[in-house]
Amino acid sequence: MWRHGERCVILAVAAVALVAAATATAAAAVGGERRTYIVHMSRSAKPNDFVEHGEWYAASLQSVSDAATVLYTYDTIVHGYSARLTRAEAEALESQPGVLLVNPEVRYELHTTRTPEFLGLDRTDALFPQSNTGSDVIVGVLDTGVWPERPSYDDAGLGPVPAGWKGKCEEGNDFNASACNKKLIGARFFLTGYEAAKGPVDTSKESRSPRDNDGHGTHTSSTAAGSAVRGADLLGYAAGTAKGMAPHARVATYKVCWVGGCFSSDILKAMEVAVNDGVDVLSLSLGGGTADYYRDSIAVGAYSAMERGIFVSCSAGNAGPGSATLSNGAPWITTVGAGTLDRDFPAHVVLGNGKNYSGVSLYSGKQLPTTPVPFIYAGNASNSSMGALCMSGSLIPEKVAGKIVLCDRGTNARVQKGFVVKDAGGAGMVLANTAANGEELVADAHVLPGAGVGQKAGDTMRAYALSDPNPTASIVFAGTQVGIQPSPVVAAFSSRGPNTVTPGILKPDLIAPGVNILAAWSGSVGPSGLAGDSRRVGFNIISGTSMSCPHVSGLAALLRAAHQDWSPAAIRSALMTTSYNGYPNGNGILDVATGLPATPLDVGAGHVDPSKAVDPGLVYDIAAADYVDFLCAISYGPMQIAALTKHTTDACSGNRTYAVTALNYPSFSVTFPATGGTEKHTRTVTNVGQPGTYKVTASAAAGSTPVTVSVEPSTLTFTKSGEKQSYTVSFAAAAMPSGTNGFGRLVWSSDHHVVSSPIAVTWT
């Protein structure tokens, strides 16, 4: 995750995007150690002896444990409850009649201006003629809470709260019900699971209320649907008008993340409450690695939300650029990776030998002297083996006093290194990427004159500092620069496919802006998010798939307002099939991690393009029954399917053949054995535009080796809106070494629309 610095494990709700790997809430339970379990029950199996399901749940728990009590009951998105159990009690419970599954709780973590113009939304009302009347659309955000006093939640110009809204503004310390208004129409908090695992919330460090003491939740909710705020900036950087993707939509926040993490029992309950409250969109910038869908609480909750017509978007994670690193890969979730904007915050490091290197910085404060300053590598200013990383207490003050210190990136937070240098008497800092981060640059609001540089520049500076008898340097801060090209590029931290749970579903679905994003911030914490940072700002610039996810959530709200009859799958299809995967010059979007064109495993369908998504021509729709067929295709059993769908009848017929390739997804993931072979996919498109004829082009290749792609029929003619047409795609390939990937695209084109789908081919 990217926050304001590096953290291998994000403390609670602090980061900008959610880390892709989940950590268990406790070590594996042994002996009598208790941990939280989520118990999925078959609602229809309730014995007649019990009037209420809650009574039955309590009785089932008491039958295996005299000490355990119910933490939450779940009544809609799942049926069941959560409780603290030993492993032996959990195993005994799972064998009882009416119990479908007993899943151990998982700790999830956060995946941590100019965006509207970059996305072409500076003319929102013209592009989305329903966007003003779309103030009835409600975006629910599960995160670290909200700082309601920020002007991003100003309700000027908004009408009454939508009829039928059942949410509320819950009170707690430092938070009154009056904090909500016609913009921020709901604010709740969930901590029963958290406190069961970690103990009571320390109210000296965070509010036991919906208030956001971290900043992450305020940033994500204002990115999705914040009101327009003139004069927004961070310390003078990125000055302008800041507004969310859907500035007329309403916001409801659900605080599920605390200093110690985000716990699945709380997340599941918050999703249930949000669905019952009446949200139209759910945005979750957090994740927990990969697991079978019936064991993934976000996937379980999202399934029920989808059944009720709620669009669910989640961050892919910040574990890139490695392959197979993404989380939130269920096909009923829209999975969002991250790219850059065309805006940067350059800082130039000039060495005493005359060499000039470009970096980035959000430093605002007293400048360095106009004359060069002595320059030293941290590894030469420490007696510690970790000194090069500028760890706390590792620098020798006599060696760094009055100097610019070159620190290696990694292990501790990026801005924290600046605190270490400052405390040791250093005058400035250059933060050098290592091989782990390559050339990717993320701007930070440093506490002393400081700049981040890529690995190549860092290696050269390190060599200079170690070889020159009197090394010097200076740092020049160049403010805000727009029009940076090429843009976007894929962020190196953005988690990548393939989808390890279901390789036949291509993920991520698409990318959106997620690097150096300006949005509202908490008043409890400085821009670095560190305890020693006394600065307070109204807006902050941070990076991560946590930032790209709410962009898509807000865009989904715009589409829901413009097309109120569209399903969540239709909205996702419109966003995907109109995305672009290349620049105007025809070259493919670059991956900053490799310097090469990105692939569908990096970007899915491509970078979101809302101006086209509002009128996509055709959509690939998916109903709940289609997802059930998909679950049958991946060989889920009756109890596993029931944990997701809540229907206990055997959903899979022995008289039918089920195939993942039949799921009506807007992309194609093809898997061959190393010996090659054939694979057939079926799709159905629905016309949501004017009548017309579409012709197909399709191709794919692995390097110079082509994959045969045949589409039947090759022409589709639509005479009216709502009309459906089906087609079949046959893929054939020769033998290739195991692990080889190929890529391509299938495109339907008419006189008015281009409907594009990515193709990923893998030889296993």
# chains A, B, ... in the order shown; residues from 1 in each chain; ligands from 1
call {"tool": "select_by_dssp", "arguments": {"residues": "segment 243-379 of chain A", "states": "strand (DSSP E or B)", "output": "PyMOL selection string"}}
result
chain A and resi 250-255+257-258+261-263+281-284+286-287+311-315+334-339+343-344+346-351+356-360+373-377
call {"tool": "residues_around", "arguments": {"residues": "Gly172 of chain A", "least_positions_apart": "5", "cutoff": "8 Å", "atoms": "only C-alpha atoms", "output": "number ranges by chain"}}
result
A: 207-210
call {"tool": "write_last_selection", "arguments": {"atoms": "N, CA and C atoms", "output": "short mmCIF file (atom, residue, chain, number, x, y, z; two decimals), in the first residue's frame"}}
result
data_model
loop_
_atom_site.label_atom_id
_atom_site.label_comp_id
_atom_site.auth_asym_id
_atom_site.auth_seq_id
_atom_site.Cartn_x
_atom_site.Cartn_y
_atom_site.Cartn_z
N SER A 207 -11.13 8.35 17.43
CA SER A 207 -12.48 8.58 17.90
C SER A 207 -13.32 7.32 17.78
N ARG A 208 -14.05 7.03 18.86
CA ARG A 208 -14.99 5.90 18.83
C ARG A 208 -16.29 6.41 18.23
N SER A 209 -16.21 6.72 16.96
CA SER A 209 -17.31 7.37 16.26
C SER A 209 -17.01 7.32 14.77
N PRO A 210 -17.89 7.87 13.93
CA PRO A 210 -17.60 7.91 12.49
C PRO A 210 -16.47 8.86 12.11
#
call {"tool": "residues_around", "arguments": {"residues": "segment 704-712 of chain A", "least_positions_apart": "6", "cutoff": "7 Å", "atoms": "only C-alpha atoms", "output": "short mmCIF file (atom, residue, chain, number, x, y, z; two decimals) with C-alpha atoms, in the first residue's frame"}}
result
data_model
loop_
_atom_site.label_atom_id
_atom_site.label_comp_id
_atom_site.auth_asym_id
_atom_site.auth_seq_id
_atom_site.Cartn_x
_atom_site.Cartn_y
_atom_site.Cartn_z
CA ALA A 698 -10.27 -9.76 -33.43
CA TYR A 727 -21.91 -14.57 -30.71
CA THR A 728 -19.24 -17.24 -30.25
CA VAL A 729 -15.48 -16.76 -30.17
CA SER A 730 -13.19 -19.70 -30.93
CA PHE A 731 -9.54 -19.52 -29.92
CA ALA A 732 -6.90 -21.92 -31.23
CA ALA A 733 -3.17 -21.98 -30.52
#
call {"tool": "atom_distance", "arguments": {"atom1": "atom CA of Ala274 of chain A", "atom2": "atom CA of Tyr194 of chain A"}}
result
18.6 Å
call {"tool": "atom_distance", "arguments": {"atom1": "atom CA of Arg536 of chain A", "atom2": "atom CA of Gly450 of chain A"}}
result
19.0 Å
call {"tool": "residues_around", "arguments": {"residues": "Asp266 of chain A", "least_positions_apart": "2", "cutoff": "9 Å", "atoms": "only C-alpha atoms", "output": "list in words"}}
result
Tyr72, Phe189, Phe190, Leu191, Thr192, Gly193, Tyr194, Val256, Cys257, Cys262, Phe263, Ser264, Leu268, Lys269, Ala270 and Met271 of chain A
call {"tool": "atom_distance", "arguments": {"atom1": "atom CA of Arg414 of chain A", "atom2": "atom CA of Ala378 of chain A"}}
result
14.2 Å
call {"tool": "residues_around", "arguments": {"residues": "segment 49-63 of chain A", "least_positions_apart": "2", "cutoff": "8 Å", "atoms": "only C-alpha atoms", "output": "PyMOL selection string"}}
result
chain A and resi 43+46-47+65-70+73+80-81+93+96
call {"tool": "select_by_dssp", "arguments": {"residues": "segment 411-554 of chain A", "states": "alpha helix (DSSP H)", "output": "PyMOL selection string"}}
result
chain A and resi 414-423+455-467+545-554
call {"tool": "write_last_selection", "arguments": {"atoms": "N, CA and C atoms", "output": "compact mmCIF listing (two decimals), in the first residue's frame"}}
result
# COMPACT_ATOMS: atom_id res chain seq x y z
N ARG A 414 8.44 6.74 3.88
CA ARG A 414 9.29 7.66 3.13
C ARG A 414 9.49 8.97 3.87
N VAL A 415 8.41 9.58 4.34
CA VAL A 415 8.52 10.86 5.04
C VAL A 415 9.16 10.67 6.40
N GLN A 416 9.02 9.49 7.00
CA GLN A 416 9.66 9.22 8.28
C GLN A 416 11.18 9.38 8.17
N LYS A 417 11.73 9.02 7.04
CA LYS A 417 13.18 9.16 6.84
C LYS A 417 13.59 10.63 6.95
N GLY A 418 12.71 11.52 6.47
CA GLY A 418 13.00 12.94 6.59
C GLY A 418 13.02 13.39 8.04
N PHE A 419 12.11 12.86 8.85
CA PHE A 419 12.14 13.16 10.28
C PHE A 419 13.47 12.73 10.89
N VAL A 420 13.95 11.54 10.49
CA VAL A 420 15.21 11.02 11.03
C VAL A 420 16.37 11.94 10.66
N VAL A 421 16.40 12.37 9.40
CA VAL A 421 17.46 13.27 8.94
C VAL A 421 17.37 14.61 9.68
N LYS A 422 16.16 15.13 9.80
CA LYS A 422 15.98 16.42 10.47
C LYS A 422 16.40 16.34 11.93
N ASP A 423 16.01 15.26 12.61
CA ASP A 423 16.35 15.11 14.03
C ASP A 423 17.86 15.00 14.24
N GLN A 455 15.57 4.91 -9.35
CA GLN A 455 16.71 4.05 -9.04
C GLN A 455 17.97 4.45 -9.80
N LYS A 456 17.83 4.75 -11.08
CA LYS A 456 19.01 5.08 -11.88
C LYS A 456 19.70 6.33 -11.35
N ALA A 457 18.90 7.37 -11.08
CA ALA A 457 19.48 8.60 -10.54
C ALA A 457 20.07 8.33 -9.16
N GLY A 458 19.37 7.55 -8.35
CA GLY A 458 19.86 7.24 -7.02
C GLY A 458 21.19 6.50 -7.05
N ASP A 459 21.32 5.56 -7.96
CA ASP A 459 22.58 4.82 -8.07
C ASP A 459 23.74 5.75 -8.44
N THR A 460 23.45 6.67 -9.37
CA THR A 460 24.49 7.60 -9.80
C THR A 460 24.87 8.56 -8.66
N MET A 461 23.87 9.06 -7.94
CA MET A 461 24.14 9.96 -6.82
C MET A 461 24.92 9.25 -5.72
N ARG A 462 24.58 8.01 -5.48
CA ARG A 462 25.28 7.25 -4.44
C ARG A 462 26.76 7.09 -4.81
N ALA A 463 27.00 6.78 -6.08
CA ALA A 463 28.38 6.63 -6.53
C ALA A 463 29.15 7.94 -6.41
N TYR A 464 28.47 9.05 -6.73
CA TYR A 464 29.10 10.36 -6.61
C TYR A 464 29.44 10.67 -5.15
N ALA A 465 28.47 10.42 -4.26
CA ALA A 465 28.69 10.73 -2.84
C ALA A 465 29.82 9.90 -2.25
N LEU A 466 30.01 8.69 -2.76
CA LEU A 466 31.03 7.80 -2.22
C LEU A 466 32.41 8.04 -2.83
N SER A 467 32.45 8.67 -4.00
CA SER A 467 33.73 8.80 -4.71
C SER A 467 34.30 10.21 -4.67
N THR A 545 -4.05 2.33 -5.23
CA THR A 545 -5.31 1.89 -5.84
C THR A 545 -6.49 2.28 -4.95
N SER A 546 -6.22 2.64 -3.70
CA SER A 546 -7.27 3.23 -2.86
C SER A 546 -7.81 4.51 -3.47
N MET A 547 -6.99 5.20 -4.24
CA MET A 547 -7.40 6.43 -4.88
C MET A 547 -8.11 6.17 -6.21
N SER A 548 -7.65 5.16 -6.94
CA SER A 548 -8.29 4.86 -8.23
C SER A 548 -9.68 4.27 -8.05
N CYS A 549 -9.87 3.46 -7.01
CA CYS A 549 -11.18 2.84 -6.78
C CYS A 549 -12.30 3.87 -6.66
N PRO A 550 -12.19 4.90 -5.81
CA PRO A 550 -13.31 5.84 -5.70
C PRO A 550 -13.54 6.66 -6.97
N HIS A 551 -12.52 6.80 -7.81
CA HIS A 551 -12.78 7.43 -9.11
C HIS A 551 -13.83 6.63 -9.87
N VAL A 552 -13.66 5.31 -9.91
CA VAL A 552 -14.60 4.46 -10.63
C VAL A 552 -15.94 4.42 -9.90
N SER A 553 -15.93 4.44 -8.58
CA SER A 553 -17.18 4.47 -7.83
C SER A 553 -18.00 5.71 -8.19
N GLY A 554 -17.32 6.85 -8.24
CA GLY A 554 -18.01 8.09 -8.61
C GLY A 554 -18.51 8.07 -10.04
call {"tool": "residues_around", "arguments": {"residues": "segment 647-664 of chain A", "least_positions_apart": "4", "cutoff": "6 Å", "atoms": "only C-alpha atoms", "output": "VMD selection string"}}
result
chain A and resid 630 632 to 633 638 642 681 to 683
call {"tool": "closest_residue", "arguments": {"among": "A:Asp75, A:Glu149, A:Asp509, A:Asp136", "to": "Gly278 of chain A", "atoms": "only C-alpha atoms"}}
result
A:Asp136
call {"tool": "residues_around", "arguments": {"residues": "Ile185 of chain A", "least_positions_apart": "2", "cutoff": "12 Å", "atoms": "only C-alpha atoms", "output": "VMD selection string"}}
result
chain A and resid 135 to 141 146 148 153 to 155 158 to 163 165 to 170 177 to 183 187 to 188 249 to 254 274 277 to 279
call {"tool": "closest_atom_pairs", "arguments": {"of": "segment 325-369 of chain A", "to": "segment 473-488 of chain A", "cutoff": "8 Å", "atoms": "only C-alpha atoms", "output": "Markdown table"}}
result
| residue | atom | partner | partner_atom | distance |
| --- | --- | --- | --- | --- |
| A:Gly339 | CA | A:Pro488 | CA | 5.8 |
| A:Thr340 | CA | A:Pro488 | CA | 4.8 |
| A:Leu341 | CA | A:Pro488 | CA | 5.6 |
| A:Asp342 | CA | A:Ile484 | CA | 4.5 |
| A:Arg343 | CA | A:Val482 | CA | 4.3 |
| A:Asp344 | CA | A:Gln481 | CA | 5.3 |
| A:Phe345 | CA | A:Thr480 | CA | 4.8 |
| A:Pro346 | CA | A:Ala478 | CA | 5.4 |
| A:Ala347 | CA | A:Phe477 | CA | 4.4 |
| A:His348 | CA | A:Val476 | CA | 5.1 |
| A:Val349 | CA | A:Ile475 | CA | 4.6 |
| A:Val350 | CA | A:Ser474 | CA | 5.3 |
| A:Leu351 | CA | A:Ala473 | CA | 4.3 |
| A:Gly352 | CA | A:Ala473 | CA | 5.5 |
| A:Ser361 | CA | A:Phe477 | CA | 7.3 |
| A:Leu362 | CA | A:Gly479 | CA | 7.9 |
| A:Tyr363 | CA | A:Phe477 | CA | 7.8 |
| A:Leu368 | CA | A:Ile475 | CA | 7.3 |
call {"tool": "closest_residue", "arguments": {"among": "A:Gly317, A:Pro374, A:Gly523, A:Gly428", "to": "Trp147 of chain A", "atoms": "only C-alpha atoms"}}
result
A:Gly523
